[in-house]
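J.: Sharing target-v1.pdb here; it has PDB, C-alpha atoms.
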```pdb
ATOM      1  CA  GLY A 329       7.272   8.393  17.202
ATOM      2  CA  ALA A 330       3.581   7.940  16.533
ATOM      3  CA  GLY A 331       2.642   6.364  13.260
ATOM      4  CA  VAL A 332      -0.524   6.662  11.209
ATOM      5  CA  SER A 333      -3.590   5.841  13.246
ATOM      6  CA  GLN A 334      -7.052   4.943  12.049
ATOM      7  CA  SER A 335     -10.346   4.647  13.840
ATOM      8  CA  PRO A 336     -12.411   2.703  14.351
ATOM      9  CA  ARG A 337     -10.406  -0.460  13.718
ATOM     10  CA  TYR A 338     -13.581  -2.412  13.061
ATOM     11  CA  LYS A 339     -16.956  -1.201  11.911
ATOM     12  CA  VAL A 340     -20.118  -3.176  11.251
ATOM     13  CA  ALA A 341     -22.831  -1.335   9.381
ATOM     14  CA  LYS A 342     -26.232  -2.386   8.169
ATOM     15  CA  ARG A 343     -26.809  -1.948   4.481
ATOM     16  CA  GLY A 344     -27.981   1.577   3.789
ATOM     17  CA  GLN A 345     -26.242   3.163   6.783
ATOM     18  CA  ASP A 346     -23.691   5.932   6.463
ATOM     19  CA  VAL A 347     -20.205   5.437   7.923
ATOM     20  CA  ALA A 348     -17.253   7.725   8.624
ATOM     21  CA  LEU A 349     -13.694   6.439   8.864
ATOM     22  CA  ARG A 350     -10.963   8.564  10.390
ATOM     23  CA  CYS A 351      -7.270   8.804   9.609
ATOM     24  CA  ASP A 352      -4.668  10.615  11.709
ATOM     25  CA  PRO A 353      -1.509  10.916   9.601
ATOM     26  CA  ILE A 354       2.000  11.361  10.887
ATOM     27  CA  SER A 355       2.432  14.948  12.043
ATOM     28  CA  GLY A 356       3.763  17.175   9.305
ATOM     29  CA  HIS A 357       3.022  14.793   6.478
ATOM     30  CA  VAL A 358       1.624  16.726   3.550
ATOM     31  CA  SER A 359       0.473  13.774   1.448
ATOM     32  CA  LEU A 360      -2.397  11.532   2.454
ATOM     33  CA  PHE A 361      -3.782   8.555   0.549
ATOM     34  CA  TRP A 362      -6.794   6.302   1.004
ATOM     35  CA  TYR A 363      -6.823   2.744  -0.310
ATOM     36  CA  GLN A 364      -9.463   0.021  -0.318
ATOM     37  CA  GLN A 365      -8.452  -3.603   0.157
ATOM     38  CA  ALA A 366     -10.948  -6.362  -0.584
ATOM     39  CA  LEU A 367     -10.408  -9.775   0.961
ATOM     40  CA  GLY A 368      -7.514 -11.583  -0.678
ATOM     41  CA  GLN A 369      -6.613  -8.652  -2.939
ATOM     42  CA  GLY A 370      -3.964  -5.978  -2.911
ATOM     43  CA  PRO A 371      -4.899  -2.448  -1.834
ATOM     44  CA  GLU A 372      -6.482  -0.230  -4.489
ATOM     45  CA  PHE A 373      -6.057   3.526  -4.624
ATOM     46  CA  LEU A 374      -9.093   5.632  -3.793
ATOM     47  CA  THR A 375      -7.994   9.238  -3.378
ATOM     48  CA  TYR A 376      -5.069  11.555  -2.635
ATOM     49  CA  PHE A 377      -4.694  14.798  -0.695
ATOM     50  CA  GLN A 378      -1.862  17.255  -0.625
ATOM     51  CA  ASN A 379      -2.514  19.320   2.483
ATOM     52  CA  GLU A 380      -6.230  20.113   2.343
ATOM     53  CA  ALA A 381      -6.473  19.875  -1.434
ATOM     54  CA  GLN A 382      -7.907  16.694  -2.902
ATOM     55  CA  LEU A 383      -5.778  16.370  -6.019
ATOM     56  CA  ASP A 384      -6.970  12.983  -7.214
ATOM     57  CA  LYS A 385     -10.222  11.195  -6.514
ATOM     58  CA  SER A 386     -10.174   8.995  -9.559
ATOM     59  CA  GLY A 387     -10.272   5.775  -7.529
ATOM     60  CA  LEU A 388     -13.467   6.505  -5.613
ATOM     61  CA  PRO A 389     -15.863   3.783  -6.821
ATOM     62  CA  SER A 390     -19.062   5.825  -6.723
ATOM     63  CA  ASP A 391     -20.516   9.133  -5.619
ATOM     64  CA  ARG A 392     -21.447   7.457  -2.335
ATOM     65  CA  PHE A 393     -17.781   7.782  -1.366
ATOM     66  CA  PHE A 394     -16.542  11.141  -0.142
ATOM     67  CA  ALA A 395     -13.265  12.136   1.498
ATOM     68  CA  GLU A 396     -12.169  15.323   3.163
ATOM     69  CA  ARG A 397      -9.175  16.791   4.922
ATOM     70  CA  PRO A 398     -10.330  20.296   5.850
ATOM     71  CA  GLU A 399      -7.296  21.465   7.844
ATOM     72  CA  GLY A 400      -4.647  19.490   6.042
ATOM     73  CA  SER A 401      -4.177  17.008   8.843
ATOM     74  CA  VAL A 402      -6.881  14.540   9.903
ATOM     75  CA  SER A 403      -8.875  13.014   7.068
ATOM     76  CA  THR A 404     -12.280  11.367   7.003
ATOM     77  CA  LEU A 405     -13.570   8.918   4.437
ATOM     78  CA  LYS A 406     -17.345   8.859   4.361
ATOM     79  CA  ILE A 407     -19.450   6.206   2.689
ATOM     80  CA  GLN A 408     -23.135   6.913   2.268
ATOM     81  CA  ARG A 409     -25.842   4.275   1.949
ATOM     82  CA  THR A 410     -23.380   1.434   2.414
ATOM     83  CA  GLN A 411     -23.703  -1.661   0.237
ATOM     84  CA  GLN A 412     -22.372  -5.165   0.792
ATOM     85  CA  GLU A 413     -19.710  -4.657  -1.858
ATOM     86  CA  ASP A 414     -18.260  -1.851   0.293
ATOM     87  CA  SER A 415     -17.074  -4.476   2.796
ATOM     88  CA  ALA A 416     -13.294  -4.186   2.813
ATOM     89  CA  VAL A 417     -10.333  -2.885   4.763
ATOM     90  CA  TYR A 418      -9.819   0.832   4.264
ATOM     91  CA  LEU A 419      -6.184   1.871   4.557
ATOM     92  CA  CYS A 420      -4.785   5.330   5.029
ATOM     93  CA  ALA A 421      -1.186   6.273   4.243
ATOM     94  CA  SER A 422       0.775   9.475   4.671
ATOM     95  CA  GLY A 423       4.053  10.823   3.421
ATOM     96  CA  THR A 424       5.809  13.822   1.967
ATOM     97  CA  PRO A 425       5.623  14.687  -1.744
ATOM     98  CA  ASN A 426       9.277  14.014  -2.395
ATOM     99  CA  SER A 427       9.512  10.939  -0.206
ATOM    100  CA  TYR A 428       9.852   7.456  -1.644
ATOM    101  CA  GLU A 429       8.017   5.912   1.305
ATOM    102  CA  GLN A 430       4.368   5.880   2.296
ATOM    103  CA  TYR A 431       3.514   5.076   5.895
ATOM    104  CA  PHE A 432       0.369   3.038   6.302
ATOM    105  CA  GLY A 433      -2.036   2.833   9.181
ATOM    106  CA  PRO A 434      -3.490  -0.471  10.398
ATOM    107  CA  GLY A 435      -6.698   0.005   8.458
ATOM    108  CA  THR A 436     -10.396  -0.034   9.298
ATOM    109  CA  ARG A 437     -12.216  -3.266   8.548
ATOM    110  CA  LEU A 438     -15.729  -2.411   7.381
ATOM    111  CA  THR A 439     -18.337  -5.150   7.254
ATOM    112  CA  VAL A 440     -21.705  -4.326   5.721
ATOM    113  CA  THR A 441     -24.472  -6.762   6.654
TER     114      THR A 441
ATOM    115  CA  ASP B  67       2.694   2.520 -14.226
ATOM    116  CA  ALA B  68       4.145  -0.692 -15.591
ATOM    117  CA  LYS B  69       2.509  -4.003 -14.689
ATOM    118  CA  THR B  70       4.319  -6.512 -12.478
ATOM    119  CA  THR B  71       4.053 -10.289 -12.285
ATOM    120  CA  GLN B  72       4.859 -12.263  -9.140
ATOM    121  CA  PRO B  73       4.391 -15.900  -8.140
ATOM    122  CA  PRO B  74       1.310 -16.274  -5.939
ATOM    123  CA  SER B  75       3.123 -18.078  -3.137
ATOM    124  CA  MET B  76       6.524 -19.231  -1.920
ATOM    125  CA  ASP B  77       7.898 -21.131   1.040
ATOM    126  CA  CYS B  78      11.157 -20.640   2.866
ATOM    127  CA  ALA B  79      12.835 -22.345   5.806
ATOM    128  CA  GLU B  80      13.645 -20.193   8.799
ATOM    129  CA  GLY B  81      17.229 -18.941   8.707
ATOM    130  CA  ARG B  82      17.569 -19.431   4.977
ATOM    131  CA  ALA B  83      17.530 -16.722   2.330
ATOM    132  CA  ALA B  84      14.180 -15.935   0.736
ATOM    133  CA  ASN B  85      14.420 -14.866  -2.903
ATOM    134  CA  LEU B  86      11.239 -13.299  -4.259
ATOM    135  CA  PRO B  87      11.135 -12.687  -8.026
ATOM    136  CA  CYS B  88       9.220 -10.027  -9.912
ATOM    137  CA  ASN B  89       8.818  -9.461 -13.644
ATOM    138  CA  HIS B  90       8.261  -5.942 -14.947
ATOM    139  CA  SER B  91       9.072  -6.255 -18.634
ATOM    140  CA  THR B  92       7.298  -3.012 -19.631
ATOM    141  CA  ILE B  93       9.121  -0.808 -17.128
ATOM    142  CA  SER B  94      10.028   2.657 -18.382
ATOM    143  CA  GLY B  95      13.335   4.410 -17.915
ATOM    144  CA  ASN B  96      11.998   6.755 -15.246
ATOM    145  CA  GLU B  97      10.218   4.096 -13.209
ATOM    146  CA  TYR B  98      11.538   2.704  -9.956
ATOM    147  CA  VAL B  99      10.967  -0.760  -8.504
ATOM    148  CA  TYR B 100       9.485  -0.680  -5.010
ATOM    149  CA  TRP B 101       8.845  -3.504  -2.583
ATOM    150  CA  TYR B 102       6.304  -3.388   0.213
ATOM    151  CA  ARG B 103       5.107  -6.161   2.469
ATOM    152  CA  GLN B 104       1.916  -6.673   4.421
ATOM    153  CA  ILE B 105       1.863  -8.769   7.534
ATOM    154  CA  HIS B 106      -1.521 -10.189   8.455
ATOM    155  CA  SER B 107      -3.944  -7.563   9.812
ATOM    156  CA  GLN B 108      -1.461  -4.731   9.343
ATOM    157  CA  GLY B 109      -0.992  -2.030   6.742
ATOM    158  CA  PRO B 110       1.681  -2.405   4.073
ATOM    159  CA  GLN B 111       5.254  -1.581   5.073
ATOM    160  CA  TYR B 112       7.952  -0.161   2.814
ATOM    161  CA  ILE B 113      10.969  -2.434   2.362
ATOM    162  CA  ILE B 114      13.260  -1.082  -0.333
ATOM    163  CA  HIS B 115      13.346   0.520  -3.764
ATOM    164  CA  GLY B 116      15.766   0.933  -6.658
ATOM    165  CA  LEU B 117      16.168   2.269 -10.177
ATOM    166  CA  LYS B 118      18.895   0.211 -11.820
ATOM    167  CA  ASN B 119      21.599  -0.419  -9.284
ATOM    168  CA  ASN B 120      21.379  -3.121  -6.671
ATOM    169  CA  GLU B 121      20.328  -1.806  -3.293
ATOM    170  CA  THR B 122      20.704  -3.048   0.269
ATOM    171  CA  ASN B 123      19.318  -1.839   3.567
ATOM    172  CA  GLU B 124      18.807  -3.295   7.005
ATOM    173  CA  MET B 125      15.760  -5.258   5.872
ATOM    174  CA  ALA B 126      16.637  -6.670   2.471
ATOM    175  CA  SER B 127      18.577  -6.527  -0.777
ATOM    176  CA  LEU B 128      17.162  -5.696  -4.188
ATOM    177  CA  ILE B 129      18.767  -7.107  -7.308
ATOM    178  CA  ILE B 130      17.637  -5.558 -10.605
ATOM    179  CA  THR B 131      18.670  -7.159 -13.887
ATOM    180  CA  GLU B 132      20.695  -5.104 -16.320
ATOM    181  CA  ASP B 133      17.767  -4.777 -18.740
ATOM    182  CA  ARG B 134      15.564  -3.831 -15.762
ATOM    183  CA  LYS B 135      12.848  -6.231 -16.862
ATOM    184  CA  SER B 136      12.956  -8.226 -13.652
ATOM    185  CA  SER B 137      14.139  -7.995 -10.074
ATOM    186  CA  THR B 138      14.584 -10.130  -6.982
ATOM    187  CA  LEU B 139      13.999  -9.188  -3.380
ATOM    188  CA  ILE B 140      16.296 -11.059  -1.035
ATOM    189  CA  LEU B 141      15.659 -11.528   2.674
ATOM    190  CA  PRO B 142      19.046 -12.908   3.711
ATOM    191  CA  HIS B 143      18.019 -14.772   6.865
ATOM    192  CA  ALA B 144      14.261 -15.239   6.911
ATOM    193  CA  THR B 145      12.484 -15.449  10.261
ATOM    194  CA  LEU B 146       8.952 -16.503  11.119
ATOM    195  CA  ARG B 147       8.066 -12.802  11.416
ATOM    196  CA  ASP B 148       8.846 -12.366   7.724
ATOM    197  CA  THR B 149       5.746 -14.371   6.815
ATOM    198  CA  ALA B 150       3.697 -11.833   4.839
ATOM    199  CA  VAL B 151       2.422 -10.824   1.414
ATOM    200  CA  TYR B 152       5.190  -9.153  -0.584
ATOM    201  CA  TYR B 153       4.259  -6.631  -3.256
ATOM    202  CA  CYS B 154       6.493  -5.566  -6.131
ATOM    203  CA  ILE B 155       5.403  -2.157  -7.464
ATOM    204  CA  VAL B 156       6.712  -0.099 -10.342
ATOM    205  CA  ARG B 157       6.126   3.622 -10.379
ATOM    206  CA  VAL B 158       7.692   6.891 -11.460
ATOM    207  CA  ALA B 159       9.874   8.706  -9.001
ATOM    208  CA  THR B 160       8.181  11.106  -6.638
ATOM    209  CA  GLY B 161       8.837  14.791  -6.725
ATOM    210  CA  GLY B 162       7.535  17.678  -8.767
ATOM    211  CA  THR B 163       3.988  17.109  -9.901
ATOM    212  CA  SER B 164       4.217  13.355  -9.436
ATOM    213  CA  TYR B 165       2.745  12.298  -6.137
ATOM    214  CA  GLY B 166       3.364   8.567  -6.315
ATOM    215  CA  LYS B 167       0.200   6.635  -5.657
ATOM    216  CA  LEU B 168       0.938   2.939  -5.339
ATOM    217  CA  THR B 169      -0.592   0.356  -7.675
ATOM    218  CA  PHE B 170      -0.561  -2.990  -5.877
ATOM    219  CA  GLY B 171      -0.929  -6.318  -7.633
ATOM    220  CA  GLN B 172      -1.744  -9.617  -5.959
ATOM    221  CA  GLY B 173       1.704 -10.020  -4.450
ATOM    222  CA  THR B 174       3.507 -13.155  -3.279
ATOM    223  CA  ILE B 175       2.473 -14.871  -0.075
ATOM    224  CA  LEU B 176       5.745 -15.834   1.599
ATOM    225  CA  THR B 177       5.460 -18.456   4.306
ATOM    226  CA  VAL B 178       8.513 -18.977   6.489
ATOM    227  CA  HIS B 179       8.394 -22.294   8.311
ATOM    228  CA  PRO B 180      10.486 -23.607  11.190
TER     229      PRO B 180
END
```
Please render this file's structure as structure tokens.
T.:
Amino acid sequence: GAGVSQSPRYKVAKRGQDVALRCDPISGHVSLFWYQQALGQGPEFLTYFQNEAQLDKSGLPSDRFFAERPEGSVSTLKIQRTQQEDSAVYLCASGTPNSYEQYFGPGTRLTVT
Amino acid sequence: DAKTTQPPSMDCAEGRAANLPCNHSTISGNEYVYWYRQIHSQGPQYIIHGLKNNETNEMASLIITEDRKSSTLILPHATLRDTAVYYCIVRVATGGTSYGKLTFGQGTILTVHP
């Protein structure tokens, strides 16, 4: 079956631009996570949704980062006024609350110039 | 979640067993050991997890010491496609109010060579 998909796969933004990254989770998956992965590092947690409710946004690095999942399915991570330090791969994962496994998408590589 | 320590890199010959160690000396009684791997340009992939008993699935085996302070992931017959970064993660079980975000460390870069 279809896995987690993310779009775009690559995004180049000029510093100061706003970007929107999309995640399509596996159908029926209640839980959705966003992670940020800097070059050469492991992924770091950004935020978590259960259905449409954002239950944890403790990992968002600044108020320029905003995530939503209005209908409990597709999620969008928005970064306003991008900075060079925002350059990273943004990973989305989905699962079910009682599942031991998270299913990751391929990620969106964001480069801010 | 407890902190884990892994060697930064390891090599393995194709067809041989790859044994990846992980230390988690501060693990709590309700925390599981999870292993994920990340092949270049892909998202992480779940491999296996365990609490205190050894576990085996179609991908790998997980050996957890009796005191639970360390574990070893075993890929019994490594192939070139197993070249990846392997992450050992400790976290509480999912379920109830626990939703199970993953805390990744630096992982071990496993290189399988011909």
J.: Could you list the residues in chain A lying within 8 Å of chain B, using only C-alpha atoms, and format the result as a PyMOL selection string?
T.: chain A and resi 361+369-373+376+419+425-435
J.: Run the PyMOL selection byres ((chain B and resi 146) around 7) on the file and write out the hits as a list in words.
T.: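 Applying the expression gives Glu80, Ala144, Thr145, Arg147, Asp148, Thr149, Val178 and His179 of chain B.
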J.: Report, in Å to a single decimal, how far apart CA of Ser355 in chain A and CA of Thr404 in chain A are.
T.: 16.0 Å
J.: Could you spell out the hits of the PyMOL selection byres ((chain A and resi 342-346) around 8) on the shown file, as a PyMOL selection string?
T.: chain A and resi 340-341+347-348+406-412+440-441
J.: Go ahead and save the picked residues with C-alpha atoms, as a short mmCIF file (atom, residue, chain, number, x, y, z; two decimals), in the frame of the given file.
T.:
```
data_model
loop_
_atom_site.label_atom_id
_atom_site.label_comp_id
_atom_site.auth_asym_id
_atom_site.auth_seq_id
_atom_site.Cartn_x
_atom_site.Cartn_y
_atom_site.Cartn_z
CA VAL A 340 -20.12 -3.18 11.25
CA ALA A 341 -22.83 -1.34 9.38
CA VAL A 347 -20.20 5.44 7.92
CA ALA A 348 -17.25 7.72 8.62
CA LYS A 406 -17.34 8.86 4.36
CA ILE A 407 -19.45 6.21 2.69
CA GLN A 408 -23.14 6.91 2.27
CA ARG A 409 -25.84 4.28 1.95
CA THR A 410 -23.38 1.43 2.41
CA GLN A 411 -23.70 -1.66 0.24
CA GLN A 412 -22.37 -5.16 0.79
CA VAL A 440 -21.70 -4.33 5.72
CA THR A 441 -24.47 -6.76 6.65
#
```
J.: Check what the PyMOL selection byres ((chain A and resi 389) around 12) selects in the file above and give those residues as a PyMOL selection string.
T.: chain A and resi 363-364+372-375+385-388+390-394+407+411+413-414
J.: To one decimal place, how far is CA of Cys351 in chain A from CA of Leu367 in chain A in Å?
T.: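 Atom-to-atom, CA of Cys351 in chain A and CA of Leu367 in chain A are spaced 20.7 Å apart.
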J.: Nearest to Gly331 in chain A: which of A:Leu438, A:Leu383, A:Ala421, A:Leu349 is it, counting all atoms listed in the file?
T.: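 Between A:Leu438, A:Leu383, A:Ala421, A:Leu349, the residue approaching Gly331 in chain A most closely is A:Ala421.
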J.: What does the distance from CA of Val332 in chain A to CA of Asn123 in chain B come to in Å, to one decimal?
T.: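 Those two atoms sit 22.9 Å apart.
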J.: Determine, counting only C-alpha atoms, every residue of protein, DNA or RNA that lies within 12 Å of (9.1, -11.0, -9.4) in the file coordinates, then give the result as a VMD selection string.
T.: chain B and resid 69 to 76 85 to 91 99 to 101 128 to 131 134 to 140 152 to 156 171 to 174
J.: With C-alpha atoms kept, could you save the residues just selected as a compact mmCIF listing (two decimals), in the frame of the given file?
T.:
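This went into again_8.txt:
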```txt
# COMPACT_ATOMS: atom_id res chain seq x y z
CA LYS B 69 2.51 -4.00 -14.69
CA THR B 70 4.32 -6.51 -12.48
CA THR B 71 4.05 -10.29 -12.28
CA GLN B 72 4.86 -12.26 -9.14
CA PRO B 73 4.39 -15.90 -8.14
CA PRO B 74 1.31 -16.27 -5.94
CA SER B 75 3.12 -18.08 -3.14
CA MET B 76 6.52 -19.23 -1.92
CA ASN B 85 14.42 -14.87 -2.90
CA LEU B 86 11.24 -13.30 -4.26
CA PRO B 87 11.14 -12.69 -8.03
CA CYS B 88 9.22 -10.03 -9.91
CA ASN B 89 8.82 -9.46 -13.64
CA HIS B 90 8.26 -5.94 -14.95
CA SER B 91 9.07 -6.26 -18.63
CA VAL B 99 10.97 -0.76 -8.50
CA TYR B 100 9.48 -0.68 -5.01
CA TRP B 101 8.85 -3.50 -2.58
CA LEU B 128 17.16 -5.70 -4.19
CA ILE B 129 18.77 -7.11 -7.31
CA ILE B 130 17.64 -5.56 -10.60
CA THR B 131 18.67 -7.16 -13.89
CA ARG B 134 15.56 -3.83 -15.76
CA LYS B 135 12.85 -6.23 -16.86
CA SER B 136 12.96 -8.23 -13.65
CA SER B 137 14.14 -8.00 -10.07
CA THR B 138 14.58 -10.13 -6.98
CA LEU B 139 14.00 -9.19 -3.38
CA ILE B 140 16.30 -11.06 -1.03
CA TYR B 152 5.19 -9.15 -0.58
CA TYR B 153 4.26 -6.63 -3.26
CA CYS B 154 6.49 -5.57 -6.13
CA ILE B 155 5.40 -2.16 -7.46
CA VAL B 156 6.71 -0.10 -10.34
CA GLY B 171 -0.93 -6.32 -7.63
CA GLN B 172 -1.74 -9.62 -5.96
CA GLY B 173 1.70 -10.02 -4.45
CA THR B 174 3.51 -13.16 -3.28
```
J.: Write out N, CA, C and O atoms for range 421-437 of chain A, as a tab-separated table (two decimals), keeping the file's coordinate frame.
T.:
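So selection33.tsv came out as:
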```
chain	number	residue	atom	x	y	z
A	421	ALA	N	-2.65	6.16	4.25
A	421	ALA	CA	-1.19	6.27	4.24
A	421	ALA	C	-0.81	7.74	4.16
A	421	ALA	O	-1.52	8.54	3.54
A	422	SER	N	0.31	8.09	4.77
A	422	SER	CA	0.78	9.48	4.67
A	422	SER	C	2.24	9.50	4.29
A	422	SER	O	2.95	8.50	4.39
A	423	GLY	N	2.67	10.65	3.82
A	423	GLY	CA	4.05	10.82	3.42
A	423	GLY	C	4.31	12.27	3.05
A	423	GLY	O	3.47	13.15	3.25
A	424	THR	N	5.47	12.50	2.47
A	424	THR	CA	5.81	13.82	1.97
A	424	THR	C	5.94	13.73	0.45
A	424	THR	O	6.28	12.66	-0.06
A	425	PRO	N	5.67	14.79	-0.28
A	425	PRO	CA	5.62	14.69	-1.74
A	425	PRO	C	6.90	14.16	-2.38
A	425	PRO	O	6.86	13.48	-3.39
A	426	ASN	N	8.02	14.46	-1.80
A	426	ASN	CA	9.28	14.01	-2.40
A	426	ASN	C	9.84	12.76	-1.73
A	426	ASN	O	10.97	12.38	-1.99
A	427	SER	N	9.05	12.14	-0.89
A	427	SER	CA	9.51	10.94	-0.21
A	427	SER	C	9.20	9.70	-1.02
A	427	SER	O	8.18	9.61	-1.69
A	428	TYR	N	10.10	8.72	-0.94
A	428	TYR	CA	9.85	7.46	-1.64
A	428	TYR	C	8.97	6.52	-0.83
A	428	TYR	O	8.57	5.48	-1.31
A	429	GLU	N	8.69	6.86	0.41
A	429	GLU	CA	8.02	5.91	1.30
A	429	GLU	C	6.66	6.45	1.72
A	429	GLU	O	6.52	7.63	2.04
A	430	GLN	N	5.66	5.57	1.70
A	430	GLN	CA	4.37	5.88	2.30
A	430	GLN	C	4.24	5.07	3.58
A	430	GLN	O	4.60	3.89	3.62
A	431	TYR	N	3.70	5.72	4.60
A	431	TYR	CA	3.51	5.08	5.90
A	431	TYR	C	2.03	4.75	6.06
A	431	TYR	O	1.19	5.66	6.02
A	432	PHE	N	1.75	3.48	6.24
A	432	PHE	CA	0.37	3.04	6.30
A	432	PHE	C	-0.11	2.88	7.73
A	432	PHE	O	0.65	2.46	8.63
A	433	GLY	N	-1.40	3.16	7.93
A	433	GLY	CA	-2.04	2.83	9.18
A	433	GLY	C	-2.48	1.38	9.18
A	433	GLY	O	-2.33	0.67	8.17
A	434	PRO	N	-3.08	0.93	10.28
A	434	PRO	CA	-3.49	-0.47	10.40
A	434	PRO	C	-4.76	-0.80	9.64
A	434	PRO	O	-5.07	-1.97	9.43
A	435	GLY	N	-5.48	0.24	9.22
A	435	GLY	CA	-6.70	0.00	8.46
A	435	GLY	C	-7.94	-0.06	9.32
A	435	GLY	O	-7.88	-0.29	10.54
A	436	THR	N	-9.07	0.17	8.68
A	436	THR	CA	-10.40	-0.03	9.30
A	436	THR	C	-11.09	-1.13	8.51
A	436	THR	O	-11.25	-1.01	7.29
A	437	ARG	N	-11.48	-2.18	9.21
A	437	ARG	CA	-12.22	-3.27	8.55
A	437	ARG	C	-13.70	-2.96	8.62
A	437	ARG	O	-14.28	-2.91	9.71
```
